[in-house]
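So this one's input.csv, CSV, C-alpha atoms:
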chain,number,residue,atom,x,y,z
H,242,MET,CA,1.1,22.3,0.8
H,243,THR,CA,3.3,21.1,-2.1
H,244,LEU,CA,2.1,19.5,-5.3
H,245,PRO,CA,3.3,16.0,-4.2
H,246,ASN,CA,1.2,16.4,-1.0
H,247,ILE,CA,-1.8,17.4,-3.0
H,248,ILE,CA,-1.4,14.3,-5.2
H,249,SER,CA,-1.1,12.1,-2.1
H,250,LEU,CA,-4.2,13.7,-0.6
H,251,ALA,CA,-6.1,13.2,-3.8
H,252,ARG,CA,-5.1,9.5,-3.7
H,253,LEU,CA,-6.4,9.3,-0.1
H,254,LEU,CA,-9.6,11.0,-1.1
H,255,SER,CA,-10.1,8.6,-4.1
H,256,VAL,CA,-10.3,5.6,-1.8
H,257,PRO,CA,-14.0,5.8,-0.8
H,258,PHE,CA,-15.0,6.4,-4.4
H,259,THR,CA,-12.9,3.4,-5.6
H,260,VAL,CA,-14.3,1.1,-3.0
H,261,TRP,CA,-17.9,2.2,-3.8
H,262,LEU,CA,-17.3,1.6,-7.6
H,263,ILE,CA,-16.1,-1.9,-6.8
H,264,MET,CA,-19.0,-2.6,-4.5
H,265,ILE,CA,-21.5,-1.6,-7.2
H,266,ASP,CA,-19.6,-3.6,-9.9
H,267,GLN,CA,-18.5,-0.7,-11.9
H,268,TRP,CA,-15.3,-2.4,-12.7
H,269,ARG,CA,-14.0,-0.4,-15.6
H,270,LEU,CA,-14.4,2.9,-13.9
H,271,ALA,CA,-13.0,1.4,-10.7
H,272,LEU,CA,-10.0,0.2,-12.7
H,273,VAL,CA,-9.4,3.7,-14.1
H,274,VAL,CA,-9.7,5.4,-10.7
H,275,PHE,CA,-7.5,2.7,-9.0
H,276,CYS,CA,-4.8,2.9,-11.7
H,277,LEU,CA,-4.7,6.7,-11.5
H,278,ALA,CA,-4.3,6.4,-7.7
H,279,GLY,CA,-1.6,3.8,-8.2
H,280,LEU,CA,0.3,5.9,-10.7
H,281,SER,CA,-0.1,8.9,-8.4
H,282,ASP,CA,2.1,7.1,-5.9
H,283,ALA,CA,5.0,7.1,-8.4
H,284,VAL,CA,4.3,10.6,-9.6
H,285,ASP,CA,4.3,12.3,-6.2
H,286,GLY,CA,7.5,10.6,-5.2
H,287,PHE,CA,9.2,11.5,-8.5
H,288,LEU,CA,8.1,15.2,-8.2
H,289,ALA,CA,9.1,15.4,-4.5
H,290,LYS,CA,12.6,14.1,-5.2
H,291,ARG,CA,13.3,15.5,-8.6
H,292,PHE,CA,12.1,19.1,-7.9
H,293,GLY,CA,13.0,19.3,-4.2
H,294,MET,CA,9.4,19.3,-3.0
H,295,GLN,CA,9.9,16.9,-0.1
H,296,SER,CA,8.2,17.9,3.1
H,297,ARG,CA,7.7,16.4,6.6
H,298,LEU,CA,4.0,16.2,5.8
H,299,GLY,CA,4.7,14.3,2.7
H,300,GLN,CA,6.8,11.8,4.6
H,301,TYR,CA,3.7,10.8,6.5
H,302,LEU,CA,0.9,11.5,4.0
H,303,ASP,CA,2.3,9.4,1.1
H,304,PRO,CA,2.6,6.1,3.0
H,305,ILE,CA,-0.7,6.7,4.8
H,306,ALA,CA,-2.4,7.2,1.4
H,307,ASP,CA,-0.8,4.1,0.1
H,308,LYS,CA,-1.8,2.0,3.1
H,309,VAL,CA,-5.4,3.3,3.2
H,310,LEU,CA,-5.8,2.7,-0.6
H,311,LEU,CA,-4.3,-0.8,-0.6
H,312,VAL,CA,-5.8,-2.1,2.6
H,313,SER,CA,-9.3,-0.8,1.6
H,314,ILE,CA,-9.1,-2.3,-1.9
H,315,TYR,CA,-7.7,-5.7,-0.6
H,316,ILE,CA,-10.5,-5.8,2.1
H,317,VAL,CA,-13.3,-5.2,-0.4
H,318,LEU,CA,-11.8,-7.6,-3.0
H,319,GLY,CA,-11.4,-10.2,-0.3
H,320,ALA,CA,-14.9,-9.7,1.0
H,321,GLN,CA,-16.2,-10.2,-2.5
H,322,GLN,CA,-14.0,-13.3,-2.8
H,323,HIS,CA,-11.9,-12.0,-5.6
H,324,LEU,CA,-8.8,-12.3,-3.5
H,325,PRO,CA,-8.1,-15.1,-1.1
H,326,LEU,CA,-8.8,-14.2,2.5
H,327,TRP,CA,-5.4,-15.5,3.7
H,328,LEU,CA,-3.7,-12.9,1.4
H,329,VAL,CA,-6.0,-10.1,2.7
H,330,ILE,CA,-5.2,-11.0,6.3
H,331,LEU,CA,-1.5,-11.1,5.4
H,332,VAL,CA,-1.5,-7.7,3.7
H,333,VAL,CA,-3.6,-6.0,6.5
H,334,SER,CA,-1.5,-7.7,9.2
H,335,ARG,CA,1.7,-6.3,7.7
H,336,ASP,CA,0.4,-2.8,7.7
H,337,ILE,CA,-0.9,-3.1,11.3
H,338,LEU,CA,2.6,-4.3,12.2
H,339,ILE,CA,4.2,-1.3,10.6
H,340,VAL,CA,1.7,1.2,12.1
H,341,GLY,CA,2.0,-0.5,15.5
H,342,GLY,CA,5.8,-0.4,15.4
H,343,LEU,CA,5.7,3.3,14.6
H,344,LEU,CA,3.3,3.9,17.5
H,345,LEU,CA,5.5,2.0,19.8
H,346,LEU,CA,8.5,4.1,18.8
H,347,TYR,CA,6.5,7.2,19.3
H,348,VAL,CA,5.4,6.0,22.8
H,349,PHE,CA,9.0,5.5,23.7
H,350,ASP,CA,9.9,8.9,22.3
H,351,GLN,CA,12.1,7.5,19.6
H,352,PRO,CA,12.5,9.8,16.6
H,353,TYR,CA,11.6,8.0,13.4
H,354,THR,CA,11.4,9.5,10.0
H,355,PRO,CA,9.4,7.2,7.7
H,356,LYS,CA,11.7,6.0,5.0
H,357,PRO,CA,10.5,2.8,3.2
H,358,PHE,CA,12.9,0.1,2.5
H,359,LEU,CA,13.4,-1.0,-1.1
H,360,LEU,CA,11.6,-4.2,-0.4
H,361,SER,CA,8.7,-2.3,0.9
H,362,LYS,CA,8.5,-0.3,-2.4
H,363,ILE,CA,8.6,-3.5,-4.3
H,364,ASN,CA,5.8,-4.9,-2.1
H,365,THR,CA,3.7,-1.8,-2.7
H,366,ALA,CA,4.2,-2.0,-6.5
H,367,THR,CA,3.4,-5.7,-6.5
H,368,GLN,CA,0.2,-5.1,-4.4
H,369,ILE,CA,-0.9,-2.4,-6.8
H,370,ILE,CA,-0.2,-4.6,-9.9
H,371,LEU,CA,-2.2,-7.5,-8.3
H,372,ALA,CA,-5.2,-5.3,-7.4
H,373,ALA,CA,-5.2,-3.7,-10.8
H,374,SER,CA,-5.0,-7.1,-12.5
H,375,VAL,CA,-7.9,-8.5,-10.5
H,376,ILE,CA,-10.0,-5.4,-11.2
H,377,ALA,CA,-9.1,-5.5,-14.9
H,378,THR,CA,-9.9,-9.2,-15.1
H,379,LEU,CA,-13.4,-8.5,-13.7
H,380,ALA,CA,-13.8,-5.4,-15.9
H,381,PHE,CA,-13.0,-7.2,-19.1
H,382,ALA,CA,-14.0,-10.8,-18.2
H,383,VAL,CA,-10.6,-12.1,-19.1
H,384,GLU,CA,-10.5,-15.7,-17.9
H,385,ALA,CA,-7.1,-16.3,-19.5
H,386,ALA,CA,-5.5,-14.0,-16.9
H,387,ALA,CA,-6.2,-16.4,-14.0
H,388,PRO,CA,-2.7,-18.0,-14.0
H,389,TYR,CA,-1.1,-14.6,-14.1
H,390,VAL,CA,-3.2,-13.5,-11.2
H,391,GLN,CA,-2.2,-16.6,-9.2
H,392,VAL,CA,1.5,-15.9,-9.8
H,393,LEU,CA,0.9,-12.3,-8.6
H,394,ILE,CA,-0.9,-13.5,-5.5
H,395,PHE,CA,2.1,-15.5,-4.5
H,396,ALA,CA,4.5,-12.7,-5.4
H,397,VAL,CA,2.5,-10.4,-3.1
H,398,ALA,CA,2.5,-13.0,-0.3
H,399,ILE,CA,6.3,-13.4,-0.6
H,400,THR,CA,7.1,-9.6,-0.7
H,401,THR,CA,4.6,-8.9,2.1
H,402,VAL,CA,6.2,-11.5,4.4
H,403,ALA,CA,9.7,-10.4,3.5
H,404,SER,CA,8.9,-6.7,3.8
H,405,GLY,CA,7.1,-7.2,7.2
H,406,THR,CA,10.1,-9.2,8.4
H,407,GLU,CA,12.4,-6.4,7.4
H,408,TYR,CA,10.4,-3.9,9.4
H,409,LEU,CA,10.2,-6.2,12.3
H,410,ILE,CA,14.0,-6.7,12.4
H,411,ASP,CA,14.5,-2.9,12.2
H,412,TRP,CA,12.1,-2.2,15.1
H,413,TRP,CA,13.6,-5.1,17.1
H,414,ARG,CA,17.1,-3.5,16.7
H,415,ARG,CA,15.7,-0.1,17.7
H,416,MET,CA,13.9,-1.4,20.7
H,417,ASN,CA,17.0,-3.4,21.8
H,418,ARG,CA,19.1,-0.2,21.6
H,419,LEU,CA,16.5,1.6,23.6
H,420,GLU,CA,16.5,-1.1,26.3
H,421,GLY,CA,20.3,-0.9,26.4
H,422,GLU,CA,20.2,2.9,27.2
Conversion result in structure tokens:
Amino acid sequence: MTLPNIISLARLLSVPFTVWLIMIDQWRLALVVFCLAGLSDAVDGFLAKRFGMQSRLGQYLDPIADKVLLVSIYIVLGAQQHLPLWLVILVVSRDILIVGGLLLLYVFDQPYTPKPFLLSKINTATQIILAASVIATLAFAVEAAAPYVQVLIFAVAITTVASGTEYLIDWWRRMNRLEGE
């Protein structure tokens, strides 16, 4: 168990606590915990690459922790009507598409090492920034941030569709190669 894996695991374990804080309207503490979880995504990746601490477990644990964190936060913020439901459905659907594609490759015994596309990393960062912005707006009652949040909502929508499309094209190519064999 490497340090980056421990950080990813801590991010994963922070999810229920963060969701609970949001549900009981403890916005400032939720913001702190969520931002630490979001920053941990960058830290674990940096440590893994910079100090050669990459592992097979980390290749799976890091994206799982990201998806569980973001999907959970988006669902709870959507259920409380702090994010539009269409955006929540879009974000969750993209992640289901990704997981479903991985399962399909596994079923067909196709080796796949999770390696996110650059667009996927941008999408994850944009999703984290939007969620943190919404939580911060609620924590500090900043009405002036509403236009900024609207821009982020559309940025997340665009990067989510683009990233999902990129994964779909990649799996389509893989499955076509499989069919040709």
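Remark: for H:Ser313, the closest of the candidate residues H:Leu379, H:Ile370, H:Val284, H:Ile263 is H:Ile263 (distances computed over all atoms listed in the file).
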Self-check item: Distance in Å - atom CA of H:Met264 versus atom CA of H:Ala366
Solution: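 Interatomic distance here is 23.3 Å.
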Quiz item: Using only C-alpha atoms, which of the listed residues (H:Leu331, H:Leu310, H:Leu302, H:Leu270) sits closest to H:Ala372?
Solution: H:Leu310
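A straight line drawn from atom CA of H:Ala289 to atom CA of H:Val256 is 21.9 Å long.
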Exercise. Find the residues around H:Leu280 up to 12 Å (all atoms listed in the file counted), leave out those fewer than 2 positions away in its own chain, and share them as a PyMOL selection string.
Key: chain H and resi 248-249+251-252+272-278+282-287+307+365-366+369-370+373
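Distance annotation: of H:Leu298, H:Lys290, H:Val383, H:Val309, the residue with the minimal separation from H:Leu254 is H:Val309; atom set is all atoms listed in the file.
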Quiz item: Pick the closest to H:Leu409 from H:Ala377, H:Leu318, H:Leu326, H:Leu343: which is it, counting only C-alpha atoms?
Solution: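 Of the candidates, the smallest distance to H:Leu409 is held by H:Leu343.
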Quiz item: Which is closer to H:Gln321 than all the others in H:Leu346, H:Val333, H:Val397, H:Ile265, using all atoms listed in the file?
Solution: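 Closest candidate: H:Ile265.
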Quiz item: Just how far from atom CA of H:Glu407 is atom CA of H:Ile363, in Å to one decimal?
Solution: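 Distance between the two atoms: 12.6 Å.
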Write stretch 246-267 of chain H as a short mmCIF file (atom, residue, chain, number, x, y, z; two decimals), in the frame of the given file, completed to N, CA and C atoms.
data_model
loop_
_atom_site.label_atom_id
_atom_site.label_comp_id
_atom_site.auth_asym_id
_atom_site.auth_seq_id
_atom_site.Cartn_x
_atom_site.Cartn_y
_atom_site.Cartn_z
N ASN H 246 2.18 16.60 -2.12
CA ASN H 246 1.20 16.40 -1.00
C ASN H 246 -0.21 16.47 -1.50
N ILE H 247 -0.48 17.34 -2.43
CA ILE H 247 -1.80 17.40 -3.00
C ILE H 247 -2.17 16.14 -3.74
N ILE H 248 -1.19 15.60 -4.46
CA ILE H 248 -1.40 14.30 -5.20
C ILE H 248 -1.66 13.20 -4.19
N SER H 249 -0.88 13.15 -3.10
CA SER H 249 -1.10 12.10 -2.10
C SER H 249 -2.48 12.27 -1.44
N LEU H 250 -2.87 13.49 -1.17
CA LEU H 250 -4.20 13.70 -0.60
C LEU H 250 -5.30 13.33 -1.55
N ALA H 251 -5.11 13.60 -2.83
CA ALA H 251 -6.10 13.20 -3.80
C ALA H 251 -6.21 11.65 -3.86
N ARG H 252 -5.07 10.96 -3.74
CA ARG H 252 -5.10 9.50 -3.70
C ARG H 252 -5.88 9.02 -2.47
N LEU H 253 -5.64 9.64 -1.35
CA LEU H 253 -6.40 9.30 -0.10
C LEU H 253 -7.86 9.53 -0.29
N LEU H 254 -8.22 10.64 -0.90
CA LEU H 254 -9.60 11.00 -1.10
C LEU H 254 -10.31 10.09 -2.15
N SER H 255 -9.52 9.47 -3.02
CA SER H 255 -10.10 8.60 -4.10
C SER H 255 -10.52 7.24 -3.51
N VAL H 256 -10.05 6.90 -2.31
CA VAL H 256 -10.30 5.60 -1.80
C VAL H 256 -11.79 5.25 -1.61
N PRO H 257 -12.58 6.11 -0.93
CA PRO H 257 -14.00 5.80 -0.80
C PRO H 257 -14.72 5.60 -2.14
N PHE H 258 -14.36 6.44 -3.10
CA PHE H 258 -15.00 6.40 -4.40
C PHE H 258 -14.62 5.06 -5.10
N THR H 259 -13.36 4.67 -5.03
CA THR H 259 -12.90 3.40 -5.60
C THR H 259 -13.61 2.22 -4.99
N VAL H 260 -13.66 2.21 -3.68
CA VAL H 260 -14.30 1.10 -3.00
C VAL H 260 -15.80 1.05 -3.37
N TRP H 261 -16.45 2.19 -3.45
CA TRP H 261 -17.90 2.20 -3.80
C TRP H 261 -18.06 1.70 -5.25
N LEU H 262 -17.17 2.09 -6.18
CA LEU H 262 -17.30 1.60 -7.60
C LEU H 262 -17.13 0.07 -7.61
N ILE H 263 -16.22 -0.47 -6.81
CA ILE H 263 -16.10 -1.90 -6.80
C ILE H 263 -17.32 -2.57 -6.19
N MET H 264 -17.85 -2.00 -5.14
CA MET H 264 -19.00 -2.60 -4.50
C MET H 264 -20.26 -2.58 -5.38
N ILE H 265 -20.35 -1.63 -6.31
CA ILE H 265 -21.50 -1.60 -7.20
C ILE H 265 -21.17 -2.20 -8.58
N ASP H 266 -20.05 -2.92 -8.65
CA ASP H 266 -19.60 -3.60 -9.90
C ASP H 266 -19.39 -2.73 -11.06
N GLN H 267 -18.89 -1.55 -10.81
CA GLN H 267 -18.50 -0.70 -11.90
C GLN H 267 -16.99 -0.83 -12.12
#
